[in-house]
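K.L.:
Sharing entry_17.tsv below, TSV, C-alpha atoms:
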chain	number	residue	atom	x	y	z
A	1	MET	CA	27.73	-11.63	-18.74
A	2	ASN	CA	24.52	-10.65	-20.53
A	3	ARG	CA	22.50	-13.56	-21.90
A	4	LEU	CA	20.40	-11.44	-24.28
A	5	THR	CA	21.29	-8.85	-26.89
A	6	TYR	CA	20.51	-5.20	-26.26
A	7	GLU	CA	17.60	-5.38	-28.69
A	8	GLN	CA	16.26	-8.51	-26.99
A	9	TYR	CA	16.28	-6.76	-23.60
A	10	CYS	CA	14.29	-3.87	-25.07
A	11	ASP	CA	11.81	-6.23	-26.75
A	12	ALA	CA	11.38	-8.23	-23.55
A	13	VAL	CA	10.72	-5.10	-21.48
A	14	GLU	CA	8.08	-4.07	-24.01
A	15	ALA	CA	6.38	-7.48	-23.87
A	16	VAL	CA	6.42	-7.77	-20.07
A	17	ASP	CA	5.11	-4.26	-19.53
A	18	ALA	CA	2.33	-4.83	-22.06
A	19	ARG	CA	1.24	-7.79	-19.92
A	20	PHE	CA	1.54	-5.61	-16.82
A	21	VAL	CA	-0.69	-2.88	-18.27
A	22	ASP	CA	-3.25	-5.39	-19.56
A	23	LEU	CA	-3.43	-7.07	-16.16
A	24	LEU	CA	-3.93	-3.83	-14.27
A	25	ALA	CA	-6.25	-2.03	-16.69
A	26	GLY	CA	-9.34	-3.70	-15.24
A	27	ALA	CA	-8.13	-4.27	-11.69
A	28	ASP	CA	-9.10	-2.55	-8.45
A	29	LEU	CA	-6.01	-0.40	-7.93
A	30	GLU	CA	-6.66	-0.20	-4.18
A	31	THR	CA	-5.86	-3.94	-3.93
A	32	PRO	CA	-3.04	-4.49	-1.40
A	33	VAL	CA	0.22	-5.97	-2.68
A	34	PRO	CA	1.32	-8.54	-0.06
A	35	THR	CA	4.87	-8.80	-1.45
A	36	CYS	CA	5.32	-5.01	-1.07
A	37	PRO	CA	3.88	-4.39	2.42
A	38	GLY	CA	1.92	-1.16	2.68
A	39	TRP	CA	1.53	-0.76	-1.07
A	40	THR	CA	-1.55	-0.99	-3.25
A	41	LEU	CA	-1.55	-1.78	-6.96
A	42	ALA	CA	-1.66	1.99	-7.58
A	43	ASP	CA	1.56	2.39	-5.57
A	44	LEU	CA	3.14	-0.45	-7.55
A	45	ILE	CA	2.27	1.22	-10.86
A	46	GLU	CA	3.60	4.57	-9.63
A	47	HIS	CA	6.87	2.97	-8.57
A	48	HIS	CA	7.41	1.06	-11.80
A	49	GLY	CA	6.39	3.96	-14.01
A	50	THR	CA	8.74	6.23	-12.07
A	51	THR	CA	11.59	3.82	-12.81
A	52	HIS	CA	10.79	4.05	-16.53
A	53	ARG	CA	10.72	7.87	-16.45
A	54	TRP	CA	13.94	8.05	-14.41
A	55	MET	CA	15.86	5.72	-16.72
A	56	GLU	CA	14.54	7.52	-19.80
A	57	HIS	CA	15.87	10.78	-18.35
A	58	LEU	CA	19.28	9.26	-17.56
A	59	VAL	CA	19.72	7.80	-21.05
A	60	ARG	CA	18.30	10.71	-23.02
A	61	ARG	CA	20.56	13.16	-21.20
A	62	ARG	CA	23.59	10.79	-21.06
A	63	VAL	CA	24.18	11.82	-17.45
A	64	ALA	CA	27.66	11.48	-15.96
A	65	GLU	CA	26.62	11.59	-12.30
A	66	ARG	CA	23.69	10.51	-10.15
A	67	VAL	CA	20.29	12.04	-10.72
A	68	TRP	CA	17.61	11.07	-8.21
A	69	SER	CA	14.22	9.88	-9.43
A	70	ARG	CA	12.54	12.55	-7.28
A	71	ASP	CA	14.19	15.18	-9.48
A	72	VAL	CA	12.75	13.81	-12.75
A	73	PRO	CA	9.41	15.05	-14.18
A	74	LEU	CA	6.84	12.26	-13.89
A	75	ASP	CA	3.61	13.76	-15.27
A	76	LEU	CA	1.75	11.46	-12.89
A	77	PRO	CA	-2.05	11.71	-13.29
A	78	GLN	CA	-4.09	12.84	-10.31
A	79	ASP	CA	-6.70	10.16	-11.00
A	80	THR	CA	-5.33	6.68	-10.24
A	81	ALA	CA	-7.72	5.24	-12.85
A	82	ALA	CA	-5.36	6.74	-15.43
A	83	TYR	CA	-2.30	5.03	-13.95
A	84	PRO	CA	-2.21	2.01	-16.31
A	85	ALA	CA	-2.26	4.31	-19.36
A	86	TRP	CA	0.45	6.44	-17.72
A	87	LEU	CA	2.57	3.33	-17.19
A	88	ALA	CA	2.12	2.38	-20.86
A	89	GLU	CA	3.28	5.86	-21.91
A	90	SER	CA	6.21	5.69	-19.48
A	91	ALA	CA	7.35	2.40	-21.02
A	92	LYS	CA	7.00	3.86	-24.51
A	93	LEU	CA	9.21	6.81	-23.57
A	94	SER	CA	11.96	4.75	-21.96
A	95	LEU	CA	12.09	2.23	-24.82
A	96	ARG	CA	12.26	5.04	-27.37
A	97	ALA	CA	15.28	6.42	-25.51
A	98	PHE	CA	16.95	3.01	-25.25
A	99	ARG	CA	16.39	2.10	-28.89
A	100	GLY	CA	17.69	5.47	-30.02
A	101	ALA	CA	20.94	5.12	-28.08
A	102	ASP	CA	24.21	3.30	-28.68
A	103	PRO	CA	24.33	0.67	-25.91
A	104	ASP	CA	28.09	1.12	-25.55
A	105	THR	CA	27.80	4.84	-24.73
A	106	PRO	CA	29.22	5.68	-21.27
A	107	ASN	CA	26.46	6.65	-18.82
A	108	TRP	CA	26.13	6.95	-15.08
A	109	THR	CA	24.30	3.94	-13.65
A	110	HIS	CA	23.66	2.63	-10.15
A	111	GLY	CA	25.29	-0.71	-10.93
A	112	ALA	CA	28.41	-2.41	-12.20
A	113	ASP	CA	28.12	-1.53	-15.90
A	114	GLN	CA	28.56	2.20	-16.54
A	115	HIS	CA	27.05	2.18	-20.03
A	116	VAL	CA	23.63	2.71	-21.57
A	117	ARG	CA	23.26	-1.07	-22.00
A	118	PHE	CA	22.84	-1.40	-18.22
A	119	PHE	CA	19.36	0.12	-18.23
A	120	PRO	CA	17.13	-2.17	-20.32
A	121	ARG	CA	18.65	-5.19	-18.59
A	122	ARG	CA	17.97	-3.71	-15.13
A	123	LEU	CA	14.51	-2.57	-16.19
A	124	LEU	CA	13.62	-6.05	-17.43
A	125	VAL	CA	14.28	-7.51	-13.98
A	126	GLU	CA	12.22	-4.71	-12.42
A	127	ALA	CA	9.40	-5.46	-14.86
A	128	VAL	CA	9.21	-9.23	-14.30
A	129	VAL	CA	9.44	-8.90	-10.51
A	130	HIS	CA	6.76	-6.22	-10.31
A	131	LEU	CA	4.53	-8.10	-12.74
A	132	ALA	CA	4.87	-11.02	-10.33
A	133	ASP	CA	3.88	-8.69	-7.45
A	134	ALA	CA	0.73	-7.74	-9.32
A	135	GLU	CA	-0.09	-11.33	-10.29
A	136	LEU	CA	0.31	-12.53	-6.70
A	137	ALA	CA	-1.82	-9.65	-5.42
A	138	LEU	CA	-4.59	-10.68	-7.82
A	139	GLY	CA	-4.38	-14.37	-6.95
A	140	GLY	CA	-2.31	-15.47	-9.94
A	141	ALA	CA	0.75	-17.68	-10.21
A	142	PRO	CA	3.70	-15.77	-11.74
A	143	ARG	CA	5.98	-17.45	-14.22
A	144	VAL	CA	9.14	-15.87	-15.66
A	145	ALA	CA	10.64	-17.23	-18.89
A	146	PRO	CA	13.61	-19.43	-17.89
A	147	GLY	CA	16.23	-17.53	-19.91
A	148	ILE	CA	15.09	-14.17	-18.53
A	149	ALA	CA	15.00	-15.59	-15.00
A	150	ALA	CA	18.56	-16.95	-15.30
A	151	ASP	CA	19.82	-13.62	-16.56
A	152	GLY	CA	17.97	-11.89	-13.73
A	153	ILE	CA	19.83	-13.94	-11.12
A	154	ASP	CA	23.14	-13.16	-12.86
A	155	GLU	CA	22.22	-9.47	-12.90
A	156	PHE	CA	21.33	-9.45	-9.20
A	157	LEU	CA	24.64	-11.03	-8.20
A	158	GLU	CA	26.70	-8.81	-10.52
A	159	ASN	CA	25.20	-5.64	-9.05
A	160	LEU	CA	24.97	-6.72	-5.40
A	161	PRO	CA	28.32	-5.09	-4.45
A	162	TYR	CA	27.03	-1.76	-5.80
A	163	TYR	CA	23.83	-1.81	-3.74
A	164	SER	CA	25.03	-0.57	-0.35
A	165	TRP	CA	21.77	-1.49	1.37
A	166	ILE	CA	22.51	-5.14	0.48
A	167	ALA	CA	26.32	-5.22	0.32
A	168	GLU	CA	26.75	-3.88	3.84
A	169	PRO	CA	24.49	-6.47	5.57
A	170	VAL	CA	26.14	-9.25	3.51
A	171	SER	CA	29.59	-8.09	4.65
A	172	ARG	CA	28.47	-8.46	8.28
A	173	LEU	CA	27.19	-12.04	8.03
A	174	ARG	CA	30.31	-13.58	9.64
A	175	ARG	CA	29.87	-16.81	7.72
A	176	ASP	CA	33.23	-16.61	5.92
A	177	GLY	CA	33.92	-19.49	3.56
A	178	GLU	CA	30.40	-20.89	3.72
A	179	ARG	CA	28.65	-21.52	0.43
A	180	LEU	CA	25.13	-21.43	-0.91
A	181	ALA	CA	24.07	-23.05	-4.17
A	182	PHE	CA	20.97	-22.29	-6.21
A	183	SER	CA	20.33	-24.87	-8.94
A	184	ALA	CA	17.70	-24.51	-11.66
A	185	THR	CA	16.02	-27.81	-12.41
A	186	ASP	CA	14.79	-26.68	-15.83
A	187	THR	CA	17.85	-24.92	-17.30
A	188	GLY	CA	20.73	-26.70	-15.57
A	189	ASP	CA	22.17	-23.42	-14.25
A	190	THR	CA	23.83	-23.42	-10.83
A	191	TRP	CA	24.95	-20.33	-8.93
A	192	LEU	CA	27.51	-21.03	-6.18
A	193	ILE	CA	27.89	-18.15	-3.73
A	194	THR	CA	30.82	-18.06	-1.31
A	195	LEU	CA	30.62	-15.74	1.68
A	196	GLY	CA	33.66	-13.83	2.88
A	197	ASP	CA	34.50	-10.15	2.51
A	198	GLY	CA	31.07	-9.63	0.99
A	199	CYS	CA	30.63	-12.56	-1.37
A	200	THR	CA	31.85	-14.07	-4.61
A	201	TRP	CA	29.93	-16.23	-7.01
A	202	GLN	CA	30.43	-18.67	-9.86
A	203	THR	CA	28.14	-20.45	-12.29
A	204	GLY	CA	28.19	-23.96	-13.67
A	205	ARG	CA	29.53	-25.59	-10.51
A	206	ASP	CA	28.20	-28.70	-8.76
A	207	ASP	CA	26.15	-27.82	-5.68
A	208	ALA	CA	27.46	-30.77	-3.63
A	209	CYS	CA	30.17	-28.64	-2.00
A	210	ALA	CA	27.72	-26.06	-0.64
A	211	GLU	CA	26.60	-25.84	2.98
A	212	VAL	CA	23.06	-25.29	1.72
A	213	ALA	CA	21.62	-26.10	-1.70
A	214	VAL	CA	18.30	-24.91	-3.12
A	215	ARG	CA	16.78	-26.53	-6.19
A	216	GLY	CA	13.78	-25.27	-8.12
A	217	SER	CA	12.72	-23.89	-11.48
A	218	CYS	CA	14.68	-20.90	-12.73
A	219	SER	CA	11.57	-18.72	-12.49
A	220	ASP	CA	11.00	-19.69	-8.88
A	221	LEU	CA	14.67	-19.16	-7.99
A	222	LEU	CA	14.54	-15.61	-9.34
A	223	LEU	CA	11.39	-14.89	-7.35
A	224	LEU	CA	13.02	-16.43	-4.27
A	225	THR	CA	16.05	-14.19	-4.80
A	226	TYR	CA	13.73	-11.18	-4.72
A	227	ARG	CA	11.74	-12.61	-1.77
A	228	ARG	CA	8.54	-12.90	-3.80
A	229	LEU	CA	8.50	-16.60	-2.90
A	230	ALA	CA	9.68	-18.30	0.29
A	231	PRO	CA	11.92	-21.38	0.49
A	232	GLY	CA	9.18	-23.24	2.33
A	233	ASP	CA	6.59	-22.75	-0.42
A	234	THR	CA	5.12	-26.21	-0.93
A	235	GLY	CA	6.27	-28.03	-4.04
A	236	ARG	CA	8.47	-25.23	-5.37
A	237	PHE	CA	11.85	-25.80	-3.74
A	238	ARG	CA	14.00	-28.59	-2.41
A	239	VAL	CA	16.36	-27.31	0.28
A	240	THR	CA	19.17	-29.47	1.63
A	241	GLY	CA	21.82	-28.58	4.20
A	242	ASP	CA	21.97	-25.57	6.52
A	243	ARG	CA	18.56	-23.91	6.29
A	244	GLY	CA	19.72	-21.28	8.77
A	245	LEU	CA	22.41	-20.12	6.33
A	246	LEU	CA	19.79	-19.77	3.60
A	247	ASP	CA	17.51	-17.73	5.86
A	248	THR	CA	20.47	-15.53	6.89
A	249	TRP	CA	21.36	-14.88	3.23
A	250	LEU	CA	17.77	-14.09	2.23
A	251	GLY	CA	17.41	-11.75	5.20
A	252	ALA	CA	20.60	-9.86	4.33
A	253	THR	CA	19.78	-9.53	0.64
A	254	ALA	CA	16.15	-8.48	0.97
A	255	LEU	CA	15.23	-5.57	-1.30
What does this structure look like when you write it as structure tokens?
P.N.:
Amino acid sequence: MNRLTYEQYCDAVEAVDARFVDLLAGADLETPVPTCPGWTLADLIEHHGTTHRWMEHLVRRRVAERVWSRDVPLDLPQDTAAYPAWLAESAKLSLRAFRGADPDTPNWTHGADQHVRFFPRRLLVEAVVHLADAELALGGAPRVAPGIAADGIDEFLENLPYYSWIAEPVSRLRRDGERLAFSATDTGDTWLITLGDGCTWQTGRDDACAEVAVRGSCSDLLLLTYRRLAPGDTGRFRVTGDRGLLDTWLGATAL
């Protein structure tokens, strides 16, 4: 269930990407990105801008079947120094398409919700996670707004069955009936995940019944979900129970 309105998702994408562009405008774009091994900041910008251009194409054309990002015109500059401005233009184009569309219009998507409204929500998670990548690469400490972080964890779990590269490893875990709980110390949200034929999940449940429980801020839990933080990061998480189950889950769900 979406925690923000369609307009709020669009506004949040705009705000996060403005921060992203501002951060990178004066940075050395050859800086390695430790959370995306093998990438530089230039690669990170290219990836995120490509996502904007791809989603803009899908929404503007109201596609009914998959279109690959490699088949979408990118207009990527040859000079990497122009990448931040290109990213800003890419965000402008995608948001124009989103704001000009009816969110309830049917549209092919790569997730659970086959409507236009899927895209700004998905893009917001992409934006906050990749902003965190850039901040970590430049020595910063990322922080995601609690409400956006909670919605991002919901969104990840809702779409997990549709991401074959995650769903298939999860289905092979052989930990049927075992449960993981992720509890946000600042918002009171708890996500209880039960493994079985894939996995199921619920919110608002006590974490006492779980084989492993992780507690931390909502922002940190989102970044843990996306493997931008590790459960052993000092002072961020309290882990109780079967640490091996947690490591198995994080390994299977790595993006």
K.L.:
CA of Tyr226 in chain A and CA of Ile148 in chain A, how far apart in Å?
P.N.:
14.2 Å
K.L.:
Name all residues at most 12 Å from Val67 in chain A (count only C-alpha atoms; drop same-chain ones fewer than 5 positions away) and give them as a PyMOL selection string.
P.N.:
chain A and resi 53-59+61-62+72-73+107-110
K.L.:
Restrict the selected residues to C-alpha atoms and save them as a PDB file, keeping the file's coordinate frame.
P.N.:
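The resulting selection13.pdb:
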ATOM      1  CA  ARG A  53      10.720   7.870 -16.450  1.00  0.00           C
ATOM      2  CA  TRP A  54      13.940   8.050 -14.410  1.00  0.00           C
ATOM      3  CA  MET A  55      15.860   5.720 -16.720  1.00  0.00           C
ATOM      4  CA  GLU A  56      14.540   7.520 -19.800  1.00  0.00           C
ATOM      5  CA  HIS A  57      15.870  10.780 -18.350  1.00  0.00           C
ATOM      6  CA  LEU A  58      19.280   9.260 -17.560  1.00  0.00           C
ATOM      7  CA  VAL A  59      19.720   7.800 -21.050  1.00  0.00           C
ATOM      8  CA  ARG A  61      20.560  13.160 -21.200  1.00  0.00           C
ATOM      9  CA  ARG A  62      23.590  10.790 -21.060  1.00  0.00           C
ATOM     10  CA  VAL A  72      12.750  13.810 -12.750  1.00  0.00           C
ATOM     11  CA  PRO A  73       9.410  15.050 -14.180  1.00  0.00           C
ATOM     12  CA  ASN A 107      26.460   6.650 -18.820  1.00  0.00           C
ATOM     13  CA  TRP A 108      26.130   6.950 -15.080  1.00  0.00           C
ATOM     14  CA  THR A 109      24.300   3.940 -13.650  1.00  0.00           C
ATOM     15  CA  HIS A 110      23.660   2.630 -10.150  1.00  0.00           C
TER      16      HIS A 110
END
K.L.:
In Å, how far is it from CA of Leu246 in chain A to CA of Thr203 in chain A?
P.N.:
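Rounded to one decimal, the two atoms are 18.0 Å apart.
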K.L.:
Pick from A:Gly241, A:Asp154, A:Glu30, A:Pro231: nearest to Gly204 in chain A, with all atoms listed in the file counted?
P.N.:
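Residue with the minimum atom-to-atom distance to Gly204 in chain A: A:Asp154.
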K.L.:
Do you have the CA of Leu245 in chain A-CA of Pro37 in chain A distance handy?
P.N.:
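If I compute the distance from CA of Leu245 in chain A to CA of Pro37 in chain A, I get 24.6 Å.
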K.L.:
Counting only C-alpha atoms, what is within 8 Å of Arg117 in chain A, bar same-chain residues fewer than 4 positions away, as a PyMOL selection string?
P.N.:
chain A and resi 6+103-105+113+121
K.L.:
List the neighbours of Ser171 in chain A out to 10 Å using only C-alpha atoms; skip same-chain residues closer than 5 positions along the sequence, and give me the result as a list in words.
P.N.:
Pro161, Ile166, Asp176, Leu195, Gly196, Asp197, Gly198, Cys199 and Ala252 of chain A
K.L.:
Which is closest to His130 in chain A among A:Val13, A:Ala81, A:Ala27, A:Leu160, if we use all atoms listed in the file?
P.N.:
A:Val13
K.L.:
Quick one: residues within 9 Å of Gly188 in chain A, only C-alpha atoms, excluding same-chain residues fewer than 4 positions away - as number ranges by chain?
P.N.:
A: 183-184, 204, 218
K.L.:
Take the selection from the previous step and output its residues with C-alpha atoms, as a PDB file, in the frame of the given file.
P.N.:
ATOM      1  CA  SER A 183      20.330 -24.870  -8.940  1.00  0.00           C
ATOM      2  CA  ALA A 184      17.700 -24.510 -11.660  1.00  0.00           C
ATOM      3  CA  GLY A 204      28.190 -23.960 -13.670  1.00  0.00           C
ATOM      4  CA  CYS A 218      14.680 -20.900 -12.730  1.00  0.00           C
TER       5      CYS A 218
END
K.L.:
Quick one: of A:Asp186, A:Asp22, A:Asp233, A:Asp11, who's nearest to Ala88 in chain A, counting only C-alpha atoms?
P.N.:
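That would be A:Asp22, the residue with the smallest distance to Ala88 in chain A.
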K.L.:
Using all atoms listed in the file, can you list as a list in words the residues within 9 Å of (16.6, -0.5, -28.2)?
P.N.:
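Applying the cut-off with all atoms listed in the file, one gets Tyr6, Glu7, Gln8, Tyr9, Cys10, Asp11, Leu95, Arg96, Ala97, Phe98, Arg99, Gly100, Ala101, Asp102, Pro103 and Pro120 of chain A.
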